[in-house]
Every structure is written in structure tokens, then in C-alpha cells.
>>> print(open('upload15.txt').read())   # compact mmCIF, N, CA and C atoms
# COMPACT_ATOMS: atom_id res chain seq x y z
N MET Z 1 170.11 -0.33 -58.60
CA MET Z 1 169.44 0.96 -58.61
C MET Z 1 169.79 1.67 -59.91
N GLY Z 2 168.78 2.07 -60.64
CA GLY Z 2 168.98 2.73 -61.92
C GLY Z 2 169.23 4.21 -61.77
N VAL Z 3 169.58 4.82 -62.88
CA VAL Z 3 169.87 6.25 -62.91
C VAL Z 3 168.62 7.06 -62.58
N GLY Z 4 167.46 6.58 -63.00
CA GLY Z 4 166.21 7.29 -62.72
C GLY Z 4 165.95 7.41 -61.22
N TRP Z 5 166.28 6.37 -60.46
CA TRP Z 5 166.08 6.41 -59.00
C TRP Z 5 167.01 7.42 -58.34
N VAL Z 6 168.21 7.54 -58.89
CA VAL Z 6 169.17 8.51 -58.34
C VAL Z 6 168.63 9.93 -58.54
N PHE Z 7 168.12 10.22 -59.74
CA PHE Z 7 167.57 11.55 -59.99
C PHE Z 7 166.31 11.80 -59.16
N LEU Z 8 165.51 10.78 -58.97
CA LEU Z 8 164.32 10.92 -58.12
C LEU Z 8 164.72 11.23 -56.68
N LEU Z 9 165.73 10.54 -56.17
CA LEU Z 9 166.22 10.79 -54.81
C LEU Z 9 166.78 12.21 -54.68
N ILE Z 10 167.52 12.67 -55.68
CA ILE Z 10 168.05 14.03 -55.67
C ILE Z 10 166.90 15.04 -55.66
N GLY Z 11 165.88 14.80 -56.45
CA GLY Z 11 164.72 15.69 -56.48
C GLY Z 11 163.98 15.74 -55.16
N VAL Z 12 163.82 14.60 -54.51
CA VAL Z 12 163.13 14.55 -53.21
C VAL Z 12 163.95 15.28 -52.15
N LEU Z 13 165.26 15.06 -52.14
CA LEU Z 13 166.13 15.75 -51.17
C LEU Z 13 166.14 17.26 -51.42
N TRP Z 14 166.11 17.67 -52.65
CA TRP Z 14 166.08 19.10 -52.98
C TRP Z 14 164.77 19.72 -52.49
N ALA Z 15 163.64 19.03 -52.71
CA ALA Z 15 162.35 19.53 -52.25
C ALA Z 15 162.31 19.61 -50.73
N LEU Z 16 162.90 18.64 -50.05
CA LEU Z 16 162.96 18.67 -48.59
C LEU Z 16 163.79 19.86 -48.10
N GLN Z 17 164.91 20.12 -48.76
CA GLN Z 17 165.75 21.26 -48.39
C GLN Z 17 164.99 22.56 -48.60
N LEU Z 18 164.25 22.70 -49.68
CA LEU Z 18 163.46 23.90 -49.93
C LEU Z 18 162.39 24.10 -48.86
N ALA Z 19 161.73 23.02 -48.47
CA ALA Z 19 160.69 23.11 -47.44
C ALA Z 19 161.29 23.54 -46.10
N LEU Z 20 162.44 22.97 -45.74
CA LEU Z 20 163.08 23.34 -44.47
C LEU Z 20 163.58 24.78 -44.49
N ALA Z 21 164.09 25.24 -45.63
CA ALA Z 21 164.53 26.64 -45.74
C ALA Z 21 163.34 27.58 -45.63
N TYR Z 22 162.20 27.21 -46.19
CA TYR Z 22 161.00 28.01 -46.08
C TYR Z 22 160.55 28.12 -44.62
N LEU Z 23 160.57 27.02 -43.90
CA LEU Z 23 160.20 27.04 -42.49
C LEU Z 23 161.16 27.89 -41.67
N GLN Z 24 162.45 27.83 -41.99
CA GLN Z 24 163.43 28.65 -41.29
C GLN Z 24 163.16 30.14 -41.54
N ALA Z 25 162.87 30.51 -42.75
CA ALA Z 25 162.59 31.91 -43.07
C ALA Z 25 161.33 32.38 -42.35
N ARG Z 26 160.32 31.54 -42.26
CA ARG Z 26 159.10 31.91 -41.54
C ARG Z 26 159.37 32.12 -40.06
N ARG Z 27 160.20 31.26 -39.46
CA ARG Z 27 160.54 31.43 -38.03
C ARG Z 27 161.29 32.74 -37.81
N PHE Z 28 162.24 33.06 -38.70
CA PHE Z 28 163.01 34.28 -38.55
C PHE Z 28 162.13 35.51 -38.70
N MET Z 29 161.24 35.51 -39.68
CA MET Z 29 160.35 36.66 -39.87
C MET Z 29 159.35 36.78 -38.73
N ALA Z 30 158.97 35.67 -38.11
CA ALA Z 30 158.10 35.74 -36.93
C ALA Z 30 158.83 36.43 -35.78
N ARG Z 31 160.12 36.14 -35.62
CA ARG Z 31 160.92 36.81 -34.59
C ARG Z 31 161.03 38.31 -34.90
N ALA Z 32 161.20 38.67 -36.18
CA ALA Z 32 161.28 40.08 -36.56
C ALA Z 32 159.96 40.79 -36.26
N ARG Z 33 158.84 40.13 -36.52
CA ARG Z 33 157.54 40.73 -36.20
C ARG Z 33 157.38 40.90 -34.69
N ALA Z 34 157.88 39.96 -33.91
CA ALA Z 34 157.78 40.07 -32.45
C ALA Z 34 158.60 41.24 -31.93
N LEU Z 35 159.72 41.55 -32.59
CA LEU Z 35 160.57 42.67 -32.16
C LEU Z 35 159.95 44.02 -32.49
N ARG Z 36 158.94 44.06 -33.34
CA ARG Z 36 158.29 45.33 -33.68
C ARG Z 36 157.67 46.00 -32.47
N ARG Z 37 157.34 45.21 -31.45
CA ARG Z 37 156.77 45.80 -30.23
C ARG Z 37 157.79 46.64 -29.48
N GLN Z 38 159.08 46.43 -29.76
CA GLN Z 38 160.14 47.13 -29.05
C GLN Z 38 160.67 48.33 -29.81
N GLY Z 39 160.15 48.59 -30.98
CA GLY Z 39 160.59 49.74 -31.75
C GLY Z 39 160.59 49.48 -33.24
N ARG Z 40 161.17 50.40 -33.97
CA ARG Z 40 161.29 50.28 -35.42
C ARG Z 40 162.27 49.17 -35.75
N VAL Z 41 161.94 48.35 -36.73
CA VAL Z 41 162.72 47.15 -37.02
C VAL Z 41 163.41 47.26 -38.37
N SER Z 42 164.63 46.76 -38.43
CA SER Z 42 165.39 46.70 -39.68
C SER Z 42 166.13 45.37 -39.74
N ILE Z 43 166.23 44.81 -40.94
CA ILE Z 43 166.92 43.54 -41.15
C ILE Z 43 168.09 43.78 -42.08
N GLY Z 44 169.24 43.22 -41.73
CA GLY Z 44 170.43 43.35 -42.56
C GLY Z 44 171.08 42.00 -42.79
N ALA Z 45 171.84 41.92 -43.87
CA ALA Z 45 172.52 40.68 -44.23
C ALA Z 45 173.99 40.94 -44.48
N SER Z 46 174.80 39.96 -44.14
CA SER Z 46 176.24 40.06 -44.41
C SER Z 46 176.48 39.71 -45.88
N PRO Z 47 177.63 40.06 -46.41
CA PRO Z 47 177.93 39.69 -47.80
C PRO Z 47 177.96 38.17 -47.94
N ARG Z 48 177.71 37.70 -49.14
CA ARG Z 48 177.72 36.25 -49.39
C ARG Z 48 179.12 35.69 -49.17
N ARG Z 49 179.14 34.56 -48.51
CA ARG Z 49 180.39 33.85 -48.26
C ARG Z 49 180.15 32.36 -48.52
N ILE Z 50 181.20 31.64 -48.77
CA ILE Z 50 181.08 30.20 -48.97
C ILE Z 50 180.65 29.53 -47.68
N ARG Z 51 181.09 30.03 -46.55
CA ARG Z 51 180.81 29.39 -45.26
C ARG Z 51 179.48 29.82 -44.66
N GLY Z 52 178.66 30.52 -45.40
CA GLY Z 52 177.36 30.92 -44.88
C GLY Z 52 177.22 32.42 -44.81
N ARG Z 53 176.03 32.82 -44.49
CA ARG Z 53 175.68 34.22 -44.43
C ARG Z 53 175.00 34.49 -43.10
N ALA Z 54 175.07 35.69 -42.61
CA ALA Z 54 174.41 36.05 -41.35
C ALA Z 54 173.34 37.10 -41.63
N PHE Z 55 172.24 37.00 -40.90
CA PHE Z 55 171.16 37.97 -40.96
C PHE Z 55 170.95 38.51 -39.56
N VAL Z 56 170.75 39.82 -39.44
CA VAL Z 56 170.53 40.45 -38.14
C VAL Z 56 169.27 41.29 -38.22
N VAL Z 57 168.43 41.19 -37.21
CA VAL Z 57 167.26 42.05 -37.09
C VAL Z 57 167.46 42.89 -35.84
N VAL Z 58 167.32 44.22 -35.99
CA VAL Z 58 167.48 45.13 -34.86
C VAL Z 58 166.19 45.93 -34.67
N ALA Z 59 165.85 46.18 -33.42
CA ALA Z 59 164.73 47.05 -33.07
C ALA Z 59 165.32 48.31 -32.45
N VAL Z 60 164.86 49.47 -32.92
CA VAL Z 60 165.41 50.75 -32.50
C VAL Z 60 164.28 51.60 -31.92
N GLU Z 61 164.52 52.17 -30.72
CA GLU Z 61 163.51 53.04 -30.09
C GLU Z 61 163.54 54.41 -30.74
N PRO Z 62 162.58 55.26 -30.41
CA PRO Z 62 162.56 56.62 -30.98
C PRO Z 62 163.81 57.44 -30.66
N ASP Z 63 164.50 57.16 -29.56
CA ASP Z 63 165.72 57.91 -29.26
C ASP Z 63 166.95 57.35 -29.99
N ASP Z 64 166.73 56.47 -30.96
CA ASP Z 64 167.76 55.92 -31.86
C ASP Z 64 168.73 54.96 -31.17
N ARG Z 65 168.31 54.31 -30.12
CA ARG Z 65 169.14 53.28 -29.48
C ARG Z 65 168.55 51.92 -29.80
N VAL Z 66 169.44 50.94 -29.99
CA VAL Z 66 169.02 49.57 -30.26
C VAL Z 66 168.44 48.98 -28.98
N THR Z 67 167.19 48.53 -29.04
CA THR Z 67 166.54 47.94 -27.87
C THR Z 67 166.62 46.42 -27.87
N ALA Z 68 166.69 45.82 -29.05
CA ALA Z 68 166.79 44.36 -29.16
C ALA Z 68 167.45 44.02 -30.48
N ALA Z 69 168.19 42.92 -30.49
CA ALA Z 69 168.84 42.46 -31.72
C ALA Z 69 168.93 40.95 -31.69
N GLU Z 70 168.69 40.33 -32.84
CA GLU Z 70 168.82 38.88 -32.97
C GLU Z 70 169.54 38.58 -34.27
N ALA Z 71 170.34 37.52 -34.25
CA ALA Z 71 171.12 37.14 -35.42
C ALA Z 71 170.80 35.70 -35.81
N LEU Z 72 170.74 35.48 -37.10
CA LEU Z 72 170.57 34.15 -37.67
C LEU Z 72 171.83 33.88 -38.47
N GLN Z 73 172.59 32.90 -38.04
CA GLN Z 73 173.80 32.54 -38.78
C GLN Z 73 173.98 31.04 -38.72
N GLY Z 74 174.60 30.52 -39.74
CA GLY Z 74 174.84 29.10 -39.82
C GLY Z 74 174.75 28.65 -41.26
N ILE Z 75 175.15 27.43 -41.52
CA ILE Z 75 175.14 26.94 -42.89
C ILE Z 75 174.06 25.90 -43.12
N THR Z 76 173.27 25.58 -42.09
CA THR Z 76 172.21 24.61 -42.26
C THR Z 76 170.85 25.27 -42.09
N VAL Z 77 169.82 24.57 -42.50
CA VAL Z 77 168.46 25.09 -42.35
C VAL Z 77 167.95 24.91 -40.93
N PHE Z 78 168.76 24.35 -40.06
CA PHE Z 78 168.36 24.14 -38.67
C PHE Z 78 168.84 25.26 -37.76
N ALA Z 79 169.50 26.28 -38.30
CA ALA Z 79 169.96 27.42 -37.50
C ALA Z 79 168.75 28.26 -37.07
N ASN Z 80 168.79 28.77 -35.85
CA ASN Z 80 167.72 29.61 -35.32
C ASN Z 80 168.28 30.98 -34.95
N ALA Z 81 167.40 31.98 -34.89
CA ALA Z 81 167.80 33.32 -34.48
C ALA Z 81 168.12 33.32 -32.99
N ARG Z 82 169.20 34.00 -32.64
CA ARG Z 82 169.63 34.10 -31.24
C ARG Z 82 169.85 35.56 -30.87
N PRO Z 83 169.56 35.91 -29.62
CA PRO Z 83 169.76 37.30 -29.19
C PRO Z 83 171.23 37.72 -29.30
N VAL Z 84 171.45 39.01 -29.57
CA VAL Z 84 172.78 39.58 -29.65
C VAL Z 84 172.84 40.73 -28.64
N PRO Z 85 173.16 40.43 -27.37
CA PRO Z 85 173.15 41.48 -26.34
C PRO Z 85 174.22 42.55 -26.54
N ALA Z 86 175.26 42.26 -27.32
CA ALA Z 86 176.33 43.25 -27.52
C ALA Z 86 175.84 44.47 -28.29
N LEU Z 87 174.76 44.35 -29.04
CA LEU Z 87 174.25 45.48 -29.83
C LEU Z 87 173.25 46.33 -29.05
N VAL Z 88 172.67 45.79 -28.00
CA VAL Z 88 171.64 46.51 -27.25
C VAL Z 88 172.25 47.73 -26.57
N GLY Z 89 171.62 48.87 -26.78
CA GLY Z 89 172.07 50.13 -26.18
C GLY Z 89 172.92 50.98 -27.10
N LEU Z 90 173.41 50.43 -28.20
CA LEU Z 90 174.23 51.22 -29.13
C LEU Z 90 173.35 52.17 -29.94
N PRO Z 91 173.83 53.37 -30.24
CA PRO Z 91 173.08 54.26 -31.13
C PRO Z 91 173.10 53.69 -32.56
N ALA Z 92 171.95 53.65 -33.19
CA ALA Z 92 171.85 53.08 -34.53
C ALA Z 92 172.67 53.87 -35.55
N VAL Z 93 172.78 55.17 -35.38
CA VAL Z 93 173.54 55.98 -36.32
C VAL Z 93 175.03 55.62 -36.27
N GLU Z 94 175.55 55.33 -35.07
CA GLU Z 94 176.96 54.90 -34.96
C GLU Z 94 177.15 53.53 -35.57
N LEU Z 95 176.17 52.65 -35.39
CA LEU Z 95 176.25 51.32 -35.98
C LEU Z 95 176.22 51.42 -37.51
N ALA Z 96 175.39 52.32 -38.04
CA ALA Z 96 175.33 52.52 -39.50
C ALA Z 96 176.64 53.08 -40.03
N ALA Z 97 177.31 53.89 -39.23
CA ALA Z 97 178.58 54.48 -39.66
C ALA Z 97 179.74 53.48 -39.62
N GLY Z 98 179.51 52.31 -39.04
CA GLY Z 98 180.56 51.29 -39.03
C GLY Z 98 181.25 51.11 -37.70
N ALA Z 99 180.55 51.38 -36.60
CA ALA Z 99 181.14 51.22 -35.27
C ALA Z 99 181.57 49.78 -35.06
N GLU Z 100 182.70 49.60 -34.44
CA GLU Z 100 183.22 48.26 -34.15
C GLU Z 100 182.64 47.75 -32.84
N VAL Z 101 182.23 46.49 -32.83
CA VAL Z 101 181.75 45.82 -31.62
C VAL Z 101 182.61 44.57 -31.49
N PRO Z 102 183.63 44.60 -30.62
CA PRO Z 102 184.60 43.50 -30.57
C PRO Z 102 184.02 42.14 -30.20
N ALA Z 103 182.89 42.11 -29.52
CA ALA Z 103 182.34 40.83 -29.07
C ALA Z 103 181.61 40.07 -30.17
N LEU Z 104 181.48 40.64 -31.37
CA LEU Z 104 180.70 40.01 -32.43
C LEU Z 104 181.58 39.38 -33.50
N ALA Z 105 181.05 38.32 -34.09
CA ALA Z 105 181.70 37.70 -35.24
C ALA Z 105 181.64 38.67 -36.42
N PRO Z 106 182.62 38.64 -37.31
CA PRO Z 106 182.65 39.60 -38.43
C PRO Z 106 181.39 39.56 -39.30
N ARG Z 107 180.84 38.36 -39.57
CA ARG Z 107 179.65 38.28 -40.40
C ARG Z 107 178.45 38.92 -39.70
N VAL Z 108 178.30 38.70 -38.40
CA VAL Z 108 177.20 39.27 -37.65
C VAL Z 108 177.34 40.79 -37.60
N LEU Z 109 178.56 41.27 -37.40
CA LEU Z 109 178.80 42.72 -37.37
C LEU Z 109 178.48 43.36 -38.72
N ALA Z 110 178.86 42.71 -39.81
CA ALA Z 110 178.55 43.24 -41.14
C ALA Z 110 177.05 43.29 -41.37
N ALA Z 111 176.32 42.28 -40.91
CA ALA Z 111 174.87 42.27 -41.05
C ALA Z 111 174.23 43.35 -40.17
N ALA Z 112 174.79 43.59 -38.99
CA ALA Z 112 174.27 44.64 -38.11
C ALA Z 112 174.51 46.01 -38.73
N HIS Z 113 175.67 46.22 -39.34
CA HIS Z 113 175.93 47.48 -40.04
C HIS Z 113 174.92 47.68 -41.17
N SER Z 114 174.62 46.60 -41.88
CA SER Z 114 173.67 46.67 -42.98
C SER Z 114 172.27 47.02 -42.48
N ALA Z 115 171.86 46.43 -41.36
CA ALA Z 115 170.53 46.72 -40.80
C ALA Z 115 170.44 48.18 -40.35
N ALA Z 116 171.47 48.67 -39.70
CA ALA Z 116 171.47 50.06 -39.24
C ALA Z 116 171.56 51.02 -40.42
N ALA Z 117 172.27 50.63 -41.47
CA ALA Z 117 172.38 51.48 -42.66
C ALA Z 117 171.04 51.63 -43.37
N ALA Z 118 170.17 50.63 -43.24
CA ALA Z 118 168.83 50.75 -43.83
C ALA Z 118 168.00 51.79 -43.08
N LEU Z 119 168.27 51.96 -41.80
CA LEU Z 119 167.58 52.97 -41.01
C LEU Z 119 168.17 54.36 -41.20
N HIS Z 120 169.49 54.43 -41.42
CA HIS Z 120 170.21 55.70 -41.58
C HIS Z 120 171.08 55.65 -42.84
N PRO Z 121 170.47 55.69 -44.02
CA PRO Z 121 171.26 55.58 -45.25
C PRO Z 121 172.22 56.75 -45.46
N ASP Z 122 171.91 57.91 -44.89
CA ASP Z 122 172.79 59.06 -45.06
C ASP Z 122 174.06 58.94 -44.22
N HIS Z 123 174.07 58.08 -43.20
CA HIS Z 123 175.26 57.89 -42.37
C HIS Z 123 176.00 56.60 -42.69
N ALA Z 124 175.51 55.82 -43.61
CA ALA Z 124 176.12 54.53 -43.93
C ALA Z 124 177.51 54.73 -44.49
N GLY Z 125 178.48 54.09 -43.88
CA GLY Z 125 179.86 54.17 -44.33
C GLY Z 125 180.56 55.45 -43.93
N ALA Z 126 179.89 56.34 -43.21
CA ALA Z 126 180.52 57.58 -42.75
C ALA Z 126 181.48 57.26 -41.61
N PRO Z 127 182.45 58.12 -41.36
CA PRO Z 127 183.37 57.86 -40.25
C PRO Z 127 182.60 57.85 -38.93
N ASP Z 128 182.98 56.93 -38.05
CA ASP Z 128 182.34 56.88 -36.73
C ASP Z 128 183.08 57.82 -35.77
N ALA Z 129 182.82 57.71 -34.49
CA ALA Z 129 183.39 58.62 -33.49
C ALA Z 129 184.92 58.58 -33.48
N THR Z 130 185.51 57.44 -33.87
CA THR Z 130 186.96 57.33 -33.87
C THR Z 130 187.59 57.83 -35.16
N GLY Z 131 186.73 58.20 -36.14
CA GLY Z 131 187.25 58.70 -37.41
C GLY Z 131 187.48 57.62 -38.44
N ARG Z 132 187.11 56.37 -38.11
CA ARG Z 132 187.32 55.25 -39.05
C ARG Z 132 186.08 55.02 -39.88
N ARG Z 133 186.26 54.60 -41.11
CA ARG Z 133 185.15 54.26 -41.98
C ARG Z 133 184.83 52.78 -41.83
N SER Z 134 183.68 52.37 -42.41
CA SER Z 134 183.33 50.95 -42.38
C SER Z 134 184.43 50.18 -43.09
N PRO Z 135 184.59 48.88 -42.80
CA PRO Z 135 185.70 48.11 -43.36
C PRO Z 135 185.81 48.19 -44.87
N SER Z 136 184.71 48.23 -45.60
CA SER Z 136 184.80 48.28 -47.05
C SER Z 136 184.98 49.70 -47.56
N GLY Z 137 184.71 50.72 -46.72
CA GLY Z 137 184.84 52.09 -47.13
C GLY Z 137 183.67 52.60 -47.96
N ARG Z 138 182.63 51.79 -48.10
CA ARG Z 138 181.45 52.22 -48.85
C ARG Z 138 180.20 51.80 -48.10
N ARG Z 139 179.06 52.22 -48.61
CA ARG Z 139 177.79 51.92 -47.95
C ARG Z 139 177.53 50.42 -47.94
N PRO Z 140 177.09 49.86 -46.81
CA PRO Z 140 176.69 48.46 -46.79
C PRO Z 140 175.46 48.24 -47.66
N ARG Z 141 175.31 47.02 -48.16
CA ARG Z 141 174.16 46.67 -48.99
C ARG Z 141 173.37 45.56 -48.33
N GLY Z 142 172.12 45.44 -48.71
CA GLY Z 142 171.33 44.30 -48.29
C GLY Z 142 170.42 44.54 -47.11
N GLY Z 143 170.24 45.77 -46.66
CA GLY Z 143 169.39 46.04 -45.52
C GLY Z 143 167.94 46.28 -45.93
N MET Z 144 167.04 46.03 -44.99
CA MET Z 144 165.63 46.26 -45.23
C MET Z 144 165.03 46.85 -43.96
N ALA Z 145 164.48 48.03 -44.05
CA ALA Z 145 163.86 48.66 -42.89
C ALA Z 145 162.36 48.47 -42.94
N THR Z 146 161.81 48.07 -41.83
CA THR Z 146 160.36 47.94 -41.72
C THR Z 146 159.91 48.74 -40.51
N SER Z 147 158.64 48.82 -40.30
CA SER Z 147 158.18 49.56 -39.12
C SER Z 147 157.42 48.71 -38.16
>>> encode(input="upload15.txt", output="C-alpha cells")
Amino acid sequence: MGVGWVFLLIGVLWALQLALAYLQARRFMARARALRRQGRVSIGASPRRIRGRAFVVVAVEPDDRVTAAEALQGITVFANARPVPALVGLPAVELAAGAEVPALAPRVLAAAHSAAAALHPDHAGAPDATGRRSPSGRRPRGGMATS
């Protein structure tokens, strides 16, 4: 097997990975569109890590409570969005301020804070009910609010 075949194989595998990542993104955005029926939707991402990144989509009703939440986490393109029942019922403003949810993985919690901060940028990183600030002490980044 020559060097040219090795580069061709690398190129084919790279194209396959890009196609699978595109399909994964389409599935996740379809889930986000489906959550729009339950309220205003926001998507947040955790900070970049070597072990992967988490994305959370939250739907918030007019009374500012989370009605539905789903998280996409994993290091492969085969990861799917899964419901996050621990976030349902929480006030979005408290989540934006950095409220702790002990049942969540740190990456998922950081992504949830980011999603809520996109809905309430003026409360992002503010002290929550216990007087604590978000773990970084500053506004989360990477959120996107949609309607």
C-alpha cells in the first residue's frame, strides 16, 4: 500500500466524520425546534474540554420556569440529545445566576447556565439565592436564545 492510498483513506474517513457530525447537528436542532412548542427556547454550550463538550437546550414558559430541557454530550458523533428532568421547574433567572443542580454533570450544568444566561444576560453570573456566584465568577459564554 502506497502513501497515496493512506492519504486517500484519511480523506475518506474525514469526509465520513464530517457527514456524521452534520447529521448529529441536524438531529439536535430538530429536537430544539420541537421544544419551541413548550415555550421560548435557548441553547447553551459548556466550555471546550479535551473530553468533549455538552450542549443544552431549554424551553422556558412565560412565567420564567423551565418546561423542558435536553442535553447532548459525548465525544462521538453517535451521541443523541437526552431529557434532563433535573432542570424542569427551575426558574430560568436562578439558573442564569449560577444555581447549583447537584444531580447534573458539571459540563451539562455549565451548558445549562449558558442557555439560561442567553435568556437573562443581565442576571448572568449574579449571585443566586444562596449568595454564591457562578463557578467562574463571570458571565457564561456560548448561549443562543431563539423563540
>>> residues_around(input="upload15.txt", residues="Gly44 (chain Z)", least_positions_apart="5", cutoff="6.5 Å", atoms="all atoms listed in the file", output="JSON, numbers by chain")
{"Z": [54, 55, 56, 57, 58, 110, 111, 112, 113, 114, 115, 116, 142, 143, 144]}
>>> select_by_dssp(input="upload15.txt", residues="region 39-73 of chain Z", states="strand (DSSP E or B)", output="ChimeraX atom specification")
/Z:40-45,53-60,65-73
>>> closest_residue(input="upload15.txt", among="Z:Gln24, Z:Thr76, Z:Gln38, Z:Thr67", to="Leu90 (chain Z)", atoms="only C-alpha atoms")
Z:Thr67
>>> residues_around(input="upload15.txt", residues="Ala96 (chain Z)", least_positions_apart="4", cutoff="5 Å", atoms="only N, CA and C atoms", output="PyMOL selection string")
chain Z and resi 92+116-117+123-125
>>> atom_distance(input="upload15.txt", atom1="CA of Leu23 (chain Z)", atom2="CA of Leu72 (chain Z)")
13.5 Å
>>> atom_distance(input="upload15.txt", atom1="CA of Ala68 (chain Z)", atom2="CA of Val84 (chain Z)")
7.7 Å
>>> atom_distance(input="upload15.txt", atom1="CA of Ala71 (chain Z)", atom2="CA of Arg48 (chain Z)")
15.5 Å
>>> residues_near_point(input="upload15.txt", point="(166.9, 28.0, -35.4)", cutoff="10 Å", atoms="only C-alpha atoms", output="MDAnalysis selection string")
chainID Z and resid 23:25 27:28 72:74 76:82
>>> closest_residue(input="upload15.txt", among="Z:Val66, Z:Arg51, Z:Gly89, Z:Leu18", to="Gly39 (chain Z)", atoms="only C-alpha atoms")
Z:Val66
>>> closest_residue(input="upload15.txt", among="Z:Glu61, Z:Leu109, Z:Ala97, Z:Pro102", to="Ser46 (chain Z)", atoms="only N, CA and C atoms")
Z:Leu109
>>> closest_residue(input="upload15.txt", among="Z:Ala19, Z:Val12, Z:Ala99, Z:Ala59", to="Arg36 (chain Z)", atoms="only C-alpha atoms")
Z:Ala59
